[in-house]
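Printed here is data_25.txt (compact mmCIF, N, CA and C atoms):
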# COMPACT_ATOMS: atom_id res chain seq x y z
N MET O 1 38.55 -55.24 -26.66
CA MET O 1 39.10 -54.90 -27.96
C MET O 1 38.01 -54.85 -29.01
N ASP O 2 36.93 -55.60 -28.78
CA ASP O 2 35.85 -55.64 -29.77
C ASP O 2 35.17 -54.28 -29.87
N ASN O 3 35.05 -53.58 -28.74
CA ASN O 3 34.40 -52.27 -28.75
C ASN O 3 35.22 -51.25 -29.53
N ILE O 4 36.53 -51.33 -29.47
CA ILE O 4 37.39 -50.41 -30.21
C ILE O 4 37.20 -50.62 -31.71
N GLY O 5 37.11 -51.85 -32.14
CA GLY O 5 36.90 -52.15 -33.56
C GLY O 5 35.57 -51.60 -34.07
N ILE O 6 34.53 -51.77 -33.26
CA ILE O 6 33.21 -51.25 -33.64
C ILE O 6 33.25 -49.73 -33.69
N GLY O 7 33.91 -49.14 -32.71
CA GLY O 7 34.02 -47.67 -32.68
C GLY O 7 34.76 -47.13 -33.89
N LEU O 8 35.88 -47.76 -34.24
CA LEU O 8 36.64 -47.32 -35.42
C LEU O 8 35.84 -47.51 -36.71
N MET O 9 35.10 -48.61 -36.79
CA MET O 9 34.29 -48.84 -37.97
C MET O 9 33.19 -47.79 -38.08
N LEU O 10 32.53 -47.47 -36.98
CA LEU O 10 31.50 -46.44 -36.98
C LEU O 10 32.08 -45.08 -37.37
N MET O 11 33.27 -44.78 -36.85
CA MET O 11 33.93 -43.52 -37.18
C MET O 11 34.24 -43.45 -38.67
N LEU O 12 34.75 -44.52 -39.23
CA LEU O 12 35.10 -44.56 -40.65
C LEU O 12 33.86 -44.43 -41.52
N VAL O 13 32.80 -45.15 -41.17
CA VAL O 13 31.55 -45.06 -41.94
C VAL O 13 30.98 -43.65 -41.84
N GLY O 14 31.03 -43.05 -40.68
CA GLY O 14 30.53 -41.68 -40.50
C GLY O 14 31.32 -40.67 -41.31
N MET O 15 32.65 -40.79 -41.31
CA MET O 15 33.48 -39.85 -42.06
C MET O 15 33.25 -40.00 -43.56
N ILE O 16 33.11 -41.23 -44.02
CA ILE O 16 32.84 -41.46 -45.45
C ILE O 16 31.47 -40.90 -45.82
N THR O 17 30.50 -41.09 -44.96
CA THR O 17 29.16 -40.57 -45.22
C THR O 17 29.17 -39.04 -45.32
N VAL O 18 29.84 -38.39 -44.40
CA VAL O 18 29.93 -36.93 -44.43
C VAL O 18 30.65 -36.47 -45.70
N PHE O 19 31.71 -37.13 -46.08
CA PHE O 19 32.46 -36.78 -47.28
C PHE O 19 31.58 -36.92 -48.52
N VAL O 20 30.84 -37.99 -48.62
CA VAL O 20 29.96 -38.21 -49.78
C VAL O 20 28.86 -37.16 -49.82
N ILE O 21 28.27 -36.85 -48.69
CA ILE O 21 27.21 -35.84 -48.66
C ILE O 21 27.77 -34.47 -49.05
N LEU O 22 28.96 -34.13 -48.59
CA LEU O 22 29.58 -32.86 -48.98
C LEU O 22 29.85 -32.82 -50.48
N LEU O 23 30.29 -33.93 -51.06
CA LEU O 23 30.49 -33.98 -52.51
C LEU O 23 29.17 -33.76 -53.25
N ILE O 24 28.11 -34.37 -52.75
CA ILE O 24 26.79 -34.18 -53.37
C ILE O 24 26.38 -32.71 -53.30
N VAL O 25 26.60 -32.07 -52.17
CA VAL O 25 26.25 -30.66 -52.01
C VAL O 25 27.07 -29.80 -52.97
N ILE O 26 28.37 -30.05 -53.07
CA ILE O 26 29.25 -29.25 -53.93
C ILE O 26 28.84 -29.38 -55.39
N TYR O 27 28.71 -30.60 -55.87
CA TYR O 27 28.38 -30.80 -57.29
C TYR O 27 26.94 -30.41 -57.59
N GLY O 28 26.05 -30.60 -56.64
CA GLY O 28 24.67 -30.16 -56.83
C GLY O 28 24.57 -28.65 -56.93
N SER O 29 25.32 -27.94 -56.10
CA SER O 29 25.29 -26.47 -56.17
C SER O 29 25.92 -25.98 -57.46
N ARG O 30 26.98 -26.62 -57.94
CA ARG O 30 27.57 -26.23 -59.22
C ARG O 30 26.58 -26.42 -60.35
N LEU O 31 25.85 -27.53 -60.34
CA LEU O 31 24.85 -27.80 -61.36
C LEU O 31 23.73 -26.76 -61.29
N LEU O 32 23.28 -26.45 -60.10
CA LEU O 32 22.23 -25.46 -59.92
C LEU O 32 22.67 -24.09 -60.42
N ILE O 33 23.89 -23.70 -60.15
CA ILE O 33 24.41 -22.41 -60.61
C ILE O 33 24.44 -22.37 -62.13
N ARG O 34 24.89 -23.45 -62.76
CA ARG O 34 24.93 -23.49 -64.23
C ARG O 34 23.53 -23.38 -64.81
N LEU O 35 22.57 -24.10 -64.23
CA LEU O 35 21.20 -24.05 -64.73
C LEU O 35 20.60 -22.66 -64.58
N ILE O 36 20.82 -22.04 -63.45
CA ILE O 36 20.28 -20.70 -63.21
C ILE O 36 20.90 -19.70 -64.17
N ASN O 37 22.20 -19.80 -64.40
CA ASN O 37 22.86 -18.87 -65.32
C ASN O 37 22.35 -19.04 -66.75
N LYS O 38 21.96 -20.24 -67.14
CA LYS O 38 21.40 -20.45 -68.47
C LYS O 38 19.97 -19.95 -68.57
N ILE O 39 19.20 -20.13 -67.52
CA ILE O 39 17.78 -19.79 -67.54
C ILE O 39 17.52 -18.31 -67.27
N ALA O 40 18.23 -17.73 -66.33
CA ALA O 40 17.95 -16.38 -65.88
C ALA O 40 18.23 -15.36 -66.98
N PRO O 41 17.41 -14.32 -67.06
CA PRO O 41 17.66 -13.27 -68.06
C PRO O 41 18.90 -12.46 -67.69
N GLU O 42 19.49 -11.86 -68.71
CA GLU O 42 20.68 -11.04 -68.46
C GLU O 42 20.28 -9.76 -67.77
N GLU O 43 21.21 -9.22 -67.02
CA GLU O 43 20.95 -7.99 -66.30
C GLU O 43 20.96 -6.81 -67.26
N ALA O 44 20.25 -5.77 -66.89
CA ALA O 44 20.24 -4.55 -67.69
C ALA O 44 21.61 -3.89 -67.61
N PRO O 45 22.05 -3.25 -68.68
CA PRO O 45 23.36 -2.59 -68.64
C PRO O 45 23.37 -1.47 -67.60
N ALA O 46 24.54 -1.24 -67.06
CA ALA O 46 24.69 -0.20 -66.03
C ALA O 46 24.47 1.18 -66.63
N ALA O 47 24.07 2.11 -65.78
CA ALA O 47 23.82 3.47 -66.24
C ALA O 47 25.12 4.10 -66.75
N SER O 48 24.98 4.93 -67.75
CA SER O 48 26.17 5.57 -68.31
C SER O 48 26.68 6.64 -67.37
N LYS O 49 27.86 7.15 -67.65
CA LYS O 49 28.46 8.18 -66.80
C LYS O 49 27.59 9.43 -66.79
N LYS O 50 26.99 9.76 -67.93
CA LYS O 50 26.15 10.95 -68.00
C LYS O 50 24.96 10.83 -67.06
N ASP O 51 24.33 9.65 -67.02
CA ASP O 51 23.19 9.44 -66.13
C ASP O 51 23.61 9.54 -64.67
N ALA O 52 24.78 9.03 -64.36
CA ALA O 52 25.28 9.09 -62.98
C ALA O 52 25.52 10.53 -62.56
N LYS O 53 26.05 11.35 -63.47
CA LYS O 53 26.29 12.77 -63.13
C LYS O 53 24.97 13.49 -62.94
N ASP O 54 23.94 13.16 -63.73
CA ASP O 54 22.64 13.79 -63.56
C ASP O 54 22.04 13.42 -62.21
N ASP O 55 22.21 12.17 -61.79
CA ASP O 55 21.72 11.75 -60.48
C ASP O 55 22.46 12.49 -59.37
N ASN O 56 23.77 12.64 -59.52
CA ASN O 56 24.56 13.34 -58.51
C ASN O 56 24.18 14.81 -58.44
N ALA O 57 23.83 15.41 -59.59
CA ALA O 57 23.45 16.82 -59.59
C ALA O 57 22.17 17.04 -58.79
N ALA O 58 21.27 16.10 -58.81
CA ALA O 58 20.03 16.24 -58.06
C ALA O 58 20.23 15.99 -56.58
N VAL O 59 21.16 15.12 -56.23
CA VAL O 59 21.36 14.72 -54.84
C VAL O 59 22.40 15.59 -54.14
N ARG O 60 23.31 16.17 -54.89
CA ARG O 60 24.43 16.91 -54.31
C ARG O 60 24.01 18.02 -53.34
N PRO O 61 23.03 18.88 -53.69
CA PRO O 61 22.66 19.94 -52.72
C PRO O 61 22.13 19.38 -51.40
N ILE O 62 21.43 18.28 -51.48
CA ILE O 62 20.89 17.67 -50.26
C ILE O 62 22.03 17.16 -49.39
N LEU O 63 23.00 16.47 -50.02
CA LEU O 63 24.14 15.95 -49.27
C LEU O 63 24.99 17.07 -48.71
N GLU O 64 25.18 18.14 -49.49
CA GLU O 64 25.98 19.28 -49.00
C GLU O 64 25.32 19.92 -47.79
N ALA O 65 24.01 20.05 -47.82
CA ALA O 65 23.30 20.62 -46.68
C ALA O 65 23.43 19.73 -45.45
N ALA O 66 23.34 18.42 -45.65
CA ALA O 66 23.46 17.49 -44.52
C ALA O 66 24.87 17.53 -43.93
N VAL O 67 25.89 17.56 -44.81
CA VAL O 67 27.27 17.62 -44.32
C VAL O 67 27.53 18.93 -43.61
N ALA O 68 27.02 20.03 -44.16
CA ALA O 68 27.21 21.35 -43.52
C ALA O 68 26.55 21.38 -42.14
N GLN O 69 25.39 20.79 -42.02
CA GLN O 69 24.69 20.78 -40.74
C GLN O 69 25.43 19.92 -39.72
N ILE O 70 25.90 18.77 -40.15
CA ILE O 70 26.58 17.86 -39.22
C ILE O 70 27.93 18.40 -38.78
N THR O 71 28.69 18.99 -39.72
CA THR O 71 30.05 19.44 -39.41
C THR O 71 30.11 20.91 -39.03
N GLY O 72 28.98 21.58 -38.96
CA GLY O 72 28.97 22.99 -38.59
C GLY O 72 29.57 23.87 -39.69
N GLY O 73 29.45 23.48 -40.93
CA GLY O 73 29.95 24.26 -42.06
C GLY O 73 31.42 24.04 -42.38
N LYS O 74 32.10 23.18 -41.64
CA LYS O 74 33.53 22.94 -41.86
C LYS O 74 33.80 21.83 -42.88
N GLY O 75 32.85 20.94 -43.09
CA GLY O 75 33.05 19.82 -44.01
C GLY O 75 32.53 20.15 -45.39
N HIS O 76 33.22 19.62 -46.41
CA HIS O 76 32.81 19.83 -47.79
C HIS O 76 32.86 18.51 -48.55
N ILE O 77 31.96 18.34 -49.50
CA ILE O 77 31.93 17.14 -50.33
C ILE O 77 32.90 17.35 -51.49
N VAL O 78 33.79 16.40 -51.67
CA VAL O 78 34.76 16.47 -52.77
C VAL O 78 34.31 15.60 -53.93
N ASN O 79 33.81 14.40 -53.64
CA ASN O 79 33.45 13.46 -54.67
C ASN O 79 32.27 12.62 -54.20
N ILE O 80 31.37 12.30 -55.14
CA ILE O 80 30.25 11.42 -54.84
C ILE O 80 30.40 10.20 -55.72
N LYS O 81 30.47 9.03 -55.10
CA LYS O 81 30.61 7.79 -55.84
C LYS O 81 29.59 6.80 -55.33
N LYS O 82 28.79 6.27 -56.25
CA LYS O 82 27.78 5.29 -55.87
C LYS O 82 28.45 3.92 -55.69
N LEU O 83 28.17 3.29 -54.57
CA LEU O 83 28.77 1.98 -54.30
C LEU O 83 27.90 0.89 -54.82
Would you write the structure of this file as structure tokens?
Amino acid sequence: MDNIGIGLMLMLVGMITVFVILLIVIYGSRLLIRLINKIAPEEAPAASKKDAKDDNAAVRPILEAAVAQITGGKGHIVNIKKL
């Protein structure tokens, strides 16, 4: 019976240790995220719709040629959307 008590105590200590370490990781990562968001510079604003259309105008003939070659002239591009 003594071995069962030691085993249960070891299990309990191990589970508590894992729980405490996970709490440290969670709160440490939250703190790190807050610090990085305060320190890091803001991102540049996204390109306007006009700039996106200009980019598509330059790329569209290339994509149309690729689609025509792959589909044997049966496929057509309807819309280009940058992901």
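From atom CA of Ile77 of chain O back to atom N of Ala65 of chain O, the distance works out to 8.8 Å.
Taking atom N of Ala66 of chain O and atom C of Val78 of chain O as endpoints, the distance between them is 14.0 Å.
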By how many Å are atom C of Leu83 of chain O and atom CA of Asn56 of chain O apart? 13.4 Å
Any chance you could list, as a ChimeraX atom specification, the residues in chain O that come up helix (DSSP H, G or I) when DSSP is run on the backbone? /O:2-39,49-71
